[in-house]
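Inspection log for the structure reproduced underneath, given as structure tokens.
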Number of protein chains: 2
Amino acid sequence: MFLALAGGVGGAKLATGLANILPGADLTVVVNTGDDFEHLGLHISPDIDTVMYNLAGIHNRATGWGVQGETWHFMRALKALGGETWFQLGDRDLATHVERTRRLKSGESLSAITSDFCRALGIPCSVVPMSDDRVRTIVHTDRGALAFQDYFVRLRCEPRVLRIECEGAERARMSAGLEAALNHTRLQAVVICPSNPFLSVAPILAISAVRASLRSRGVPVIAVSPIVGGQAVKGPAGKILKELGQEVSCIGIARYYQGMIDTLVIDDADRSLAPSIDALGIEPVITDTIMRETSDKERLAKLIMALASKKSSAVTPECPGTTPTPQDWRAPRDS
Amino acid sequence: MFLALAGGVGGAKLATGLANILPGADLTVVVNTGDDFEHLGLHISPDIDTVMYNLAGIHNRATGWGVQGETWHFMRALKALGGETWFQLGDRDLATHVERTRRLKSGESLSAITSDFCRALGIPCSVVPMSDDRVRTIVHTDRGALAFQDYFVRLRCEPRVLRIECEGAERARMSAGLEAALNHTRLQAVVICPSNPFLSVAPILAISAVRASLRSRGVPVIAVSPIVGGQAVKGPAGKILKELGQEVSCIGIARYYQGMIDTLVIDDADRSLAPSIDALGIEPVITDTIMRETSDKERLAKLIMALASKKSSAVTPECPGTTPTPQDWRAPRDS
């Protein structure tokens, strides 16, 4: 059984790879809700939606968010009425927000609603919010403290980041689905997907019970670097690393996760940085991490499964040799 | 200055005729809000929307409700998520409901929001809700008490009506816009549009201050019959008249409004019923009341203006002769 921590697009891609090769019952994807917000009176969960649409295969490949073949009649009509249009809501996507908001207001949990939506969309694995309690990512910048979407969408990540706060995370309880996955006897590894560490993964890890469980559980934690060749594959991770005085490289990512992860999967392009990661006590694993096609997602997922098997065999010597050994993921270039 | 009481399609058509021939400042259309309801967490004001879309010229001519050229991507996506789909919400129409709901929740009044929407849509006259307080039409039927939209849309007016209740009307205050129009020194006539008397007009008249103002004000009240040739032009007015034990004819309408109106405009088809209406103390005026084209709406509006002028001259003999005399609206068939 695998638990994947995911945020936006990169997380959604690797989650899709894992979902394609694992039985539904063997994968739980826990999703950041720190960038959830209320807009036009609707509860919007951008990362849950990105993960859900990707897993359902209805995601918009061009934008990274929203639904494929989307239409914009609602937005145009809203503009004509003088409404706020800085956050784009497609006609199909809107159904998710309206129905979620209705159900939340009737007292249902985000977990229950997400579970039902995923079932309706034919997603076999579990997708769970990190918490059913309110956590909000606040970006402290040179233009003041900004709600996440104000920073991310309205201001297009332009302000300089001073620090990032996960408001409410310390007292938030993890969701029942996350807790069940973390405590599952068959849990083989925790996968930190190549999502933005500060904006997508940090809010999940900011829940104190999550950090404590990860430490006490002792299963391998395998991360995939979202920084390749000195820049983010997508989004502002590189810019934020720099603004926070960190190295914009997979070494910066390794330092950020130091003490939390056992393995960091880095891209072929960053092969030369492997020794520095190793020096931080984190095993570097080199492969092509860019996920363009479904086959890329599945190949990366298989590598992670193999790594987990190897790690599990190593830490539980009482049941060795039954799991397949990983292919040589450093080959061919590393040989 | 004219004040028109309107509900759905028939009211919206005559309101359009009046709006086309009167300066914007000389027309206030007060709209029924008794069939407003909350659906999917959205505040929906069906009659305000019908009037607004008609006055803006963006109404759907085929359905009578909603926007022309509407698309249904939201509804299909909602269905896929397991949401409720018995009340159709088009992609464009949805902008009205989402933005209205957001602004209501932020503490703005339905009057202020409606006024802004109408300005944004280029509507020159005033459109005001009958009240900013909550009034809800409850239809007591052989299947129990039903919220209006349950009766009207979900159950397609199938249950037999026993009585109709305007919950909250007695203690509702009329909206400031309605009050201003009713008390305006230049108010020349009140027009009761050919909307359903029970479902669209009754809730407005159920506000006690409206009834009192109409009585004390003493301006002519001119109604247009929504029943033509023994049946409703559109909707369930005929069925309801019958179920309430009334005659399904413009005589039933005259009896319903007796004591409230001075004049009832009836259709050529009901010419033979004019003496019975006259016998009720209501002046019958005969014309073609079916409004297919814009020219029909404007012709009916002009007739009403002429009637109002005639009545005003009659009741205010101190300023006679300055208003145009009405054309002979009984000609040519009556001559």
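Here's how to read the names in the structure tokens: chain A, B, ... by the order shown, residue numbers from 1 in each chain, ligand numbers from 1 in the order shown.
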Closest atom pairs, residues of chain A within 9 Å of chain B, only C-alpha atoms, as CSV:
residue,atom,partner,partner_atom,distance
A:His39,CA,B:Arg102,CA,8.7
A:Leu40,CA,B:Arg102,CA,5.5
A:Gly41,CA,B:Arg102,CA,5.2
A:Leu42,CA,B:Val98,CA,8.5
A:Glu70,CA,B:His73,CA,8.5
A:Thr71,CA,B:His73,CA,7.7
A:Trp72,CA,B:Asp91,CA,8.3
A:His73,CA,B:Arg92,CA,5.4
A:Phe74,CA,B:Arg92,CA,4.7
A:Met75,CA,B:Ala95,CA,7.2
A:Arg76,CA,B:Arg92,CA,7.7
A:Ala77,CA,B:Arg92,CA,5.3
A:Leu78,CA,B:Ala95,CA,4.9
A:Lys79,CA,B:Ala95,CA,8.7
A:Ala80,CA,B:Ala120,CA,6.5
A:Leu81,CA,B:Ala120,CA,5.5
A:Gly82,CA,B:Ala120,CA,6.9
A:Gly83,CA,B:Glu99,CA,6.5
A:Glu84,CA,B:Glu99,CA,8.8
A:Gly90,CA,B:Phe74,CA,8.6
A:Asp91,CA,B:Phe74,CA,5.0
A:Arg92,CA,B:Phe74,CA,4.7
A:Asp93,CA,B:Phe74,CA,7.6
A:Leu94,CA,B:Phe74,CA,6.5
A:Ala95,CA,B:Leu78,CA,4.9
A:Thr96,CA,B:Leu78,CA,7.1
A:Val98,CA,B:Leu40,CA,6.7
A:Glu99,CA,B:Gly83,CA,6.5
A:Thr101,CA,B:Gly41,CA,7.4
A:Arg102,CA,B:Gly41,CA,5.2
A:Arg103,CA,B:Leu40,CA,8.6
A:Lys105,CA,B:Gly41,CA,8.0
A:Asp116,CA,B:Leu81,CA,7.8
A:Phe117,CA,B:Leu81,CA,5.6
A:Cys118,CA,B:Leu81,CA,8.5
A:Arg119,CA,B:Leu81,CA,8.8
A:Ala120,CA,B:Leu81,CA,5.5
A:Leu121,CA,B:Leu81,CA,7.1
Looking only at helix (DSSP H, G or I) from DSSP on the backbone, list the matching residues of stretch 133-307 of chain A as JSON, numbers by chain.
{"A": [148, 149, 150, 151, 152, 153, 154, 176, 177, 178, 179, 180, 181, 182, 197, 198, 199, 200, 201, 202, 203, 204, 205, 208, 209, 210, 211, 212, 213, 214, 215, 216, 217, 237, 238, 239, 240, 241, 242, 243, 250, 251, 252, 253, 254, 255, 256, 257, 268, 269, 270, 271, 272, 273, 274, 275, 276, 277, 278, 279, 294, 295, 296, 297, 298, 299, 300, 301, 302, 303, 304, 305, 306, 307]}
Could you write out, as a short mmCIF file (atom, residue, chain, number, x, y, z; two decimals) with all heavy atoms, in the first residue's frame, all the residues of stretch 178-287 of chain A that DSSP marks as strand (DSSP E or B)?
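Result saved to selection_3.cif:
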data_model
loop_
_atom_site.label_atom_id
_atom_site.label_comp_id
_atom_site.auth_asym_id
_atom_site.auth_seq_id
_atom_site.Cartn_x
_atom_site.Cartn_y
_atom_site.Cartn_z
N ALA A 189 5.19 2.53 1.67
CA ALA A 189 5.99 3.75 1.51
C ALA A 189 5.09 4.97 1.43
O ALA A 189 3.91 4.87 1.08
CB ALA A 189 6.83 3.67 0.23
N VAL A 190 5.70 6.10 1.80
CA VAL A 190 5.06 7.39 1.61
C VAL A 190 5.80 8.08 0.46
O VAL A 190 7.03 8.11 0.46
CB VAL A 190 5.10 8.24 2.89
CG1 VAL A 190 4.59 9.65 2.62
CG2 VAL A 190 4.29 7.56 4.00
N VAL A 191 5.04 8.55 -0.51
CA VAL A 191 5.63 9.20 -1.68
C VAL A 191 5.30 10.69 -1.63
O VAL A 191 4.13 11.06 -1.56
CB VAL A 191 5.06 8.59 -2.98
CG1 VAL A 191 5.73 9.22 -4.21
CG2 VAL A 191 5.20 7.08 -2.99
N ILE A 192 6.36 11.51 -1.62
CA ILE A 192 6.12 12.95 -1.73
C ILE A 192 6.27 13.31 -3.21
O ILE A 192 7.36 13.28 -3.77
CB ILE A 192 7.09 13.76 -0.85
CG1 ILE A 192 6.89 13.38 0.63
CG2 ILE A 192 6.88 15.25 -1.05
CD1 ILE A 192 7.78 14.13 1.61
N VAL A 221 10.21 7.05 3.12
CA VAL A 221 9.60 8.24 2.53
C VAL A 221 10.44 8.62 1.31
O VAL A 221 11.63 8.88 1.42
CB VAL A 221 9.52 9.41 3.53
CG1 VAL A 221 8.88 10.63 2.87
CG2 VAL A 221 8.74 9.00 4.78
N ILE A 222 9.80 8.57 0.17
CA ILE A 222 10.49 8.80 -1.11
C ILE A 222 9.91 10.06 -1.76
O ILE A 222 8.70 10.14 -1.98
CB ILE A 222 10.26 7.60 -2.06
CG1 ILE A 222 10.77 6.32 -1.39
CG2 ILE A 222 10.92 7.83 -3.42
CD1 ILE A 222 10.25 5.03 -2.03
N ALA A 223 10.78 11.03 -2.01
CA ALA A 223 10.32 12.26 -2.65
C ALA A 223 10.84 12.33 -4.08
O ALA A 223 11.87 11.73 -4.41
CB ALA A 223 10.78 13.47 -1.86
N VAL A 224 10.10 13.05 -4.91
CA VAL A 224 10.55 13.32 -6.28
C VAL A 224 10.76 14.83 -6.40
O VAL A 224 9.86 15.61 -6.05
CB VAL A 224 9.52 12.83 -7.33
CG1 VAL A 224 10.00 13.16 -8.74
CG2 VAL A 224 9.26 11.34 -7.17
N ILE A 227 12.26 20.31 -8.86
CA ILE A 227 13.23 21.20 -9.50
C ILE A 227 14.13 20.35 -10.40
O ILE A 227 14.71 19.36 -9.94
CB ILE A 227 14.09 21.93 -8.44
CG1 ILE A 227 13.22 22.80 -7.51
CG2 ILE A 227 15.20 22.76 -9.12
CD1 ILE A 227 12.75 24.10 -8.11
N VAL A 228 14.21 20.74 -11.64
CA VAL A 228 15.03 20.01 -12.62
C VAL A 228 15.91 21.02 -13.36
O VAL A 228 15.39 22.02 -13.89
CB VAL A 228 14.13 19.26 -13.63
CG1 VAL A 228 14.97 18.69 -14.79
CG2 VAL A 228 13.37 18.13 -12.93
N GLN A 231 15.57 24.75 -12.36
CA GLN A 231 14.29 25.47 -12.37
C GLN A 231 13.11 24.54 -12.14
O GLN A 231 13.22 23.32 -12.33
CB GLN A 231 14.11 26.27 -13.66
CG GLN A 231 14.21 25.45 -14.93
CD GLN A 231 14.24 26.34 -16.16
OE1 GLN A 231 14.44 27.55 -16.07
NE2 GLN A 231 14.04 25.74 -17.32
N ALA A 232 12.01 25.14 -11.73
CA ALA A 232 10.81 24.35 -11.46
C ALA A 232 10.25 23.82 -12.77
O ALA A 232 10.26 24.52 -13.79
CB ALA A 232 9.76 25.20 -10.76
N THR A 263 14.78 9.05 0.50
CA THR A 263 15.22 8.98 -0.90
C THR A 263 14.72 10.21 -1.64
O THR A 263 13.57 10.63 -1.42
CB THR A 263 14.63 7.71 -1.56
OG1 THR A 263 15.04 6.58 -0.81
CG2 THR A 263 15.09 7.58 -3.01
N LEU A 264 15.55 10.77 -2.49
CA LEU A 264 15.09 11.84 -3.37
C LEU A 264 15.37 11.43 -4.82
O LEU A 264 16.51 11.19 -5.20
CB LEU A 264 15.81 13.17 -3.06
CG LEU A 264 15.34 14.37 -3.91
CD1 LEU A 264 13.88 14.73 -3.64
CD2 LEU A 264 16.24 15.60 -3.65
N VAL A 265 14.29 11.34 -5.58
CA VAL A 265 14.43 11.02 -7.00
C VAL A 265 14.69 12.32 -7.73
O VAL A 265 13.90 13.27 -7.63
CB VAL A 265 13.15 10.33 -7.54
CG1 VAL A 265 13.30 10.03 -9.03
CG2 VAL A 265 12.86 9.06 -6.75
N ILE A 266 15.85 12.37 -8.41
CA ILE A 266 16.21 13.59 -9.15
C ILE A 266 16.32 13.28 -10.63
O ILE A 266 16.37 12.11 -11.03
CB ILE A 266 17.52 14.21 -8.61
CG1 ILE A 266 18.71 13.24 -8.82
CG2 ILE A 266 17.37 14.58 -7.13
CD1 ILE A 266 20.07 13.84 -8.46
N ASP A 267 16.36 14.31 -11.42
CA ASP A 267 16.36 14.12 -12.87
C ASP A 267 17.77 13.84 -13.39
O ASP A 267 18.77 14.27 -12.80
CB ASP A 267 15.80 15.37 -13.56
CG ASP A 267 15.44 15.09 -15.01
OD1 ASP A 267 14.38 14.46 -15.23
OD2 ASP A 267 16.24 15.45 -15.89
N GLU A 283 19.34 9.31 0.07
CA GLU A 283 19.77 8.54 -1.10
C GLU A 283 19.27 9.22 -2.38
O GLU A 283 18.07 9.39 -2.56
CB GLU A 283 19.20 7.12 -1.03
CG GLU A 283 19.61 6.29 -2.23
CD GLU A 283 18.77 5.02 -2.39
OE1 GLU A 283 17.59 5.01 -1.98
OE2 GLU A 283 19.30 4.05 -2.94
N PRO A 284 20.17 9.62 -3.26
CA PRO A 284 19.73 10.17 -4.54
C PRO A 284 19.48 9.06 -5.55
O PRO A 284 20.27 8.12 -5.63
CB PRO A 284 20.91 11.05 -4.96
CG PRO A 284 22.10 10.36 -4.37
CD PRO A 284 21.65 9.61 -3.14
N VAL A 285 18.40 9.16 -6.25
CA VAL A 285 18.09 8.19 -7.32
C VAL A 285 17.84 9.00 -8.59
O VAL A 285 17.07 9.97 -8.56
CB VAL A 285 16.86 7.34 -6.96
CG1 VAL A 285 16.48 6.46 -8.13
CG2 VAL A 285 17.15 6.50 -5.72
N ILE A 286 18.55 8.60 -9.64
CA ILE A 286 18.52 9.42 -10.85
C ILE A 286 17.68 8.75 -11.94
O ILE A 286 17.84 7.55 -12.21
CB ILE A 286 19.96 9.63 -11.38
CG1 ILE A 286 20.82 10.27 -10.28
CG2 ILE A 286 19.96 10.51 -12.62
CD1 ILE A 286 22.32 10.19 -10.56
N THR A 287 16.81 9.52 -12.53
CA THR A 287 16.00 9.02 -13.65
C THR A 287 15.48 10.21 -14.45
O THR A 287 15.73 11.36 -14.09
CB THR A 287 14.84 8.13 -13.16
OG1 THR A 287 14.25 7.46 -14.27
CG2 THR A 287 13.78 8.95 -12.46
#
Restricting the calculation to only C-alpha atoms, which member of A:Gly218, A:Asn54, A:Arg186, A:Val233 is positioned closest to A:Gly259?
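Checking each of A:Gly218, A:Asn54, A:Arg186, A:Val233 against A:Gly259, counting only C-alpha atoms, the winner is A:Gly218.
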Residues near A:Thr294, cut-off 12 Å, only C-alpha atoms, skip fewer than 4 positions along chain, as a PyMOL selection string
chain A and resi 12-21+54-55+57+61+290+298-301
For the selection you just gave me, I'd like the residues written to a file as a short mmCIF file (atom, residue, chain, number, x, y, z; two decimals), in the first residue's frame, keeping all heavy atoms.
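Okay, this is what ended up in selection_39.cif:
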data_model
loop_
_atom_site.label_atom_id
_atom_site.label_comp_id
_atom_site.auth_asym_id
_atom_site.auth_seq_id
_atom_site.Cartn_x
_atom_site.Cartn_y
_atom_site.Cartn_z
N ALA A 12 -0.38 15.54 -9.30
CA ALA A 12 -1.48 14.87 -10.00
C ALA A 12 -0.95 13.89 -11.04
O ALA A 12 -1.50 12.81 -11.24
CB ALA A 12 -2.40 15.91 -10.65
N LYS A 13 0.14 14.27 -11.70
CA LYS A 13 0.72 13.40 -12.73
C LYS A 13 1.28 12.12 -12.12
O LYS A 13 1.00 11.01 -12.61
CB LYS A 13 1.83 14.15 -13.48
CG LYS A 13 1.32 15.18 -14.46
CD LYS A 13 2.48 15.85 -15.20
CE LYS A 13 1.98 16.72 -16.32
NZ LYS A 13 3.10 17.35 -17.07
N LEU A 14 2.05 12.26 -11.04
CA LEU A 14 2.62 11.05 -10.44
C LEU A 14 1.53 10.19 -9.80
O LEU A 14 1.57 8.96 -9.87
CB LEU A 14 3.70 11.42 -9.40
CG LEU A 14 4.41 10.22 -8.77
CD1 LEU A 14 4.98 9.27 -9.83
CD2 LEU A 14 5.52 10.68 -7.82
N ALA A 15 0.53 10.86 -9.21
CA ALA A 15 -0.59 10.11 -8.64
C ALA A 15 -1.28 9.29 -9.73
O ALA A 15 -1.68 8.14 -9.50
CB ALA A 15 -1.58 11.08 -7.99
N THR A 16 -1.38 9.86 -10.92
CA THR A 16 -1.99 9.14 -12.03
C THR A 16 -1.16 7.92 -12.39
O THR A 16 -1.70 6.82 -12.63
CB THR A 16 -2.14 10.07 -13.26
OG1 THR A 16 -2.90 11.21 -12.87
CG2 THR A 16 -2.84 9.36 -14.41
N GLY A 17 0.16 8.08 -12.43
CA GLY A 17 1.04 6.95 -12.71
C GLY A 17 0.86 5.85 -11.68
O GLY A 17 0.72 4.66 -12.03
N LEU A 18 0.83 6.23 -10.42
CA LEU A 18 0.64 5.24 -9.34
C LEU A 18 -0.73 4.57 -9.46
O LEU A 18 -0.86 3.35 -9.30
CB LEU A 18 0.79 5.92 -7.98
CG LEU A 18 2.21 6.37 -7.60
CD1 LEU A 18 2.18 7.37 -6.43
CD2 LEU A 18 3.10 5.17 -7.24
N ALA A 19 -1.75 5.37 -9.73
CA ALA A 19 -3.11 4.83 -9.83
C ALA A 19 -3.24 3.85 -10.99
O ALA A 19 -4.01 2.88 -10.91
CB ALA A 19 -4.12 5.97 -10.00
N ASN A 20 -2.46 4.09 -12.06
CA ASN A 20 -2.56 3.22 -13.23
C ASN A 20 -1.94 1.84 -13.00
O ASN A 20 -2.30 0.88 -13.69
CB ASN A 20 -1.86 3.87 -14.43
CG ASN A 20 -2.69 4.99 -15.03
OD1 ASN A 20 -3.78 5.29 -14.56
ND2 ASN A 20 -2.17 5.62 -16.07
N ILE A 21 -1.01 1.75 -12.05
CA ILE A 21 -0.31 0.47 -11.88
C ILE A 21 -0.62 -0.23 -10.56
O ILE A 21 -0.27 -1.39 -10.39
CB ILE A 21 1.22 0.62 -12.06
CG1 ILE A 21 1.78 1.61 -11.04
CG2 ILE A 21 1.57 1.06 -13.48
CD1 ILE A 21 3.30 1.67 -11.05
N ASN A 54 -7.23 14.88 -13.06
CA ASN A 54 -6.16 14.08 -13.66
C ASN A 54 -6.45 12.60 -13.53
O ASN A 54 -6.31 11.84 -14.49
CB ASN A 54 -4.81 14.41 -13.01
CG ASN A 54 -4.08 15.54 -13.72
OD1 ASN A 54 -3.28 15.31 -14.61
ND2 ASN A 54 -4.39 16.78 -13.35
N LEU A 55 -6.83 12.17 -12.32
CA LEU A 55 -7.09 10.75 -12.10
C LEU A 55 -8.28 10.26 -12.94
O LEU A 55 -8.32 9.11 -13.35
CB LEU A 55 -7.33 10.47 -10.62
CG LEU A 55 -6.09 10.55 -9.72
CD1 LEU A 55 -6.48 10.48 -8.25
CD2 LEU A 55 -5.08 9.45 -10.05
N GLY A 57 -8.91 11.47 -15.82
CA GLY A 57 -8.54 11.63 -17.23
C GLY A 57 -9.31 12.72 -17.95
O GLY A 57 -9.39 12.73 -19.18
N ARG A 61 -5.03 19.52 -20.38
CA ARG A 61 -3.58 19.37 -20.52
C ARG A 61 -2.89 20.70 -20.79
O ARG A 61 -1.73 20.89 -20.43
CB ARG A 61 -3.26 18.42 -21.68
CG ARG A 61 -3.50 16.96 -21.33
CD ARG A 61 -3.74 16.11 -22.57
NE ARG A 61 -4.70 15.07 -22.28
CZ ARG A 61 -4.37 13.86 -21.83
NH1 ARG A 61 -3.11 13.54 -21.66
NH2 ARG A 61 -5.29 12.97 -21.56
N ILE A 290 10.69 13.96 -15.94
CA ILE A 290 9.69 14.78 -16.64
C ILE A 290 8.57 13.87 -17.15
O ILE A 290 8.81 12.92 -17.89
CB ILE A 290 10.34 15.54 -17.83
CG1 ILE A 290 11.52 16.38 -17.34
CG2 ILE A 290 9.30 16.41 -18.55
CD1 ILE A 290 11.16 17.52 -16.41
N GLU A 298 3.78 6.37 -15.52
CA GLU A 298 3.77 4.98 -15.06
C GLU A 298 5.19 4.47 -14.79
O GLU A 298 5.42 3.72 -13.83
CB GLU A 298 3.05 4.09 -16.07
CG GLU A 298 1.55 4.43 -16.15
CD GLU A 298 0.81 3.66 -17.23
OE1 GLU A 298 1.46 2.88 -17.97
OE2 GLU A 298 -0.41 3.84 -17.34
N ARG A 299 6.12 4.88 -15.63
CA ARG A 299 7.51 4.45 -15.46
C ARG A 299 8.07 5.00 -14.13
O ARG A 299 8.69 4.28 -13.35
CB ARG A 299 8.35 4.95 -16.64
CG ARG A 299 9.74 4.32 -16.77
CD ARG A 299 10.57 5.00 -17.86
NE ARG A 299 10.56 6.44 -17.75
CZ ARG A 299 11.23 7.13 -16.82
NH1 ARG A 299 11.97 6.51 -15.93
NH2 ARG A 299 11.13 8.45 -16.78
N LEU A 300 7.78 6.27 -13.85
CA LEU A 300 8.24 6.87 -12.60
C LEU A 300 7.57 6.19 -11.40
O LEU A 300 8.21 5.93 -10.37
CB LEU A 300 7.96 8.38 -12.62
CG LEU A 300 8.60 9.24 -11.52
CD1 LEU A 300 10.12 9.05 -11.48
CD2 LEU A 300 8.26 10.72 -11.72
N ALA A 301 6.29 5.89 -11.55
CA ALA A 301 5.56 5.20 -10.48
C ALA A 301 6.17 3.82 -10.22
O ALA A 301 6.32 3.41 -9.06
CB ALA A 301 4.09 5.08 -10.86
#
What's the 10 Å shell around stretch 137-152 of chain A, counting only C-alpha atoms, without same-chain residues fewer than 2 positions away, as number ranges by chain?
A: 32-39, 46, 86-87, 135, 154-169, 198-200, 202-203, 235-236, 243
Considering only C-alpha atoms, state which residue in the set B:Pro129, B:Gly10, B:Pro124, B:Gly252 is at the smallest distance from B:Ser111.
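For B:Ser111, the nearest of the given residues is B:Pro129.
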Counting only C-alpha atoms, the residue of A:Val30, A:Thr85, A:Ala62, A:Leu187 that sits nearest A:Asp132:
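When distances to A:Asp132 are compared using only C-alpha atoms, the smallest one comes from A:Val30.
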Expressed in Å to a single decimal, how great is the separation between atom CA of B:Ser216 and atom CA of B:Arg134?
25.2 Å
Point-to-point distance in Å for atom CA of A:Gly11 and atom CA of A:Ser195
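Going from atom CA of A:Ser195 over to atom CA of A:Gly11 covers 5.1 Å.
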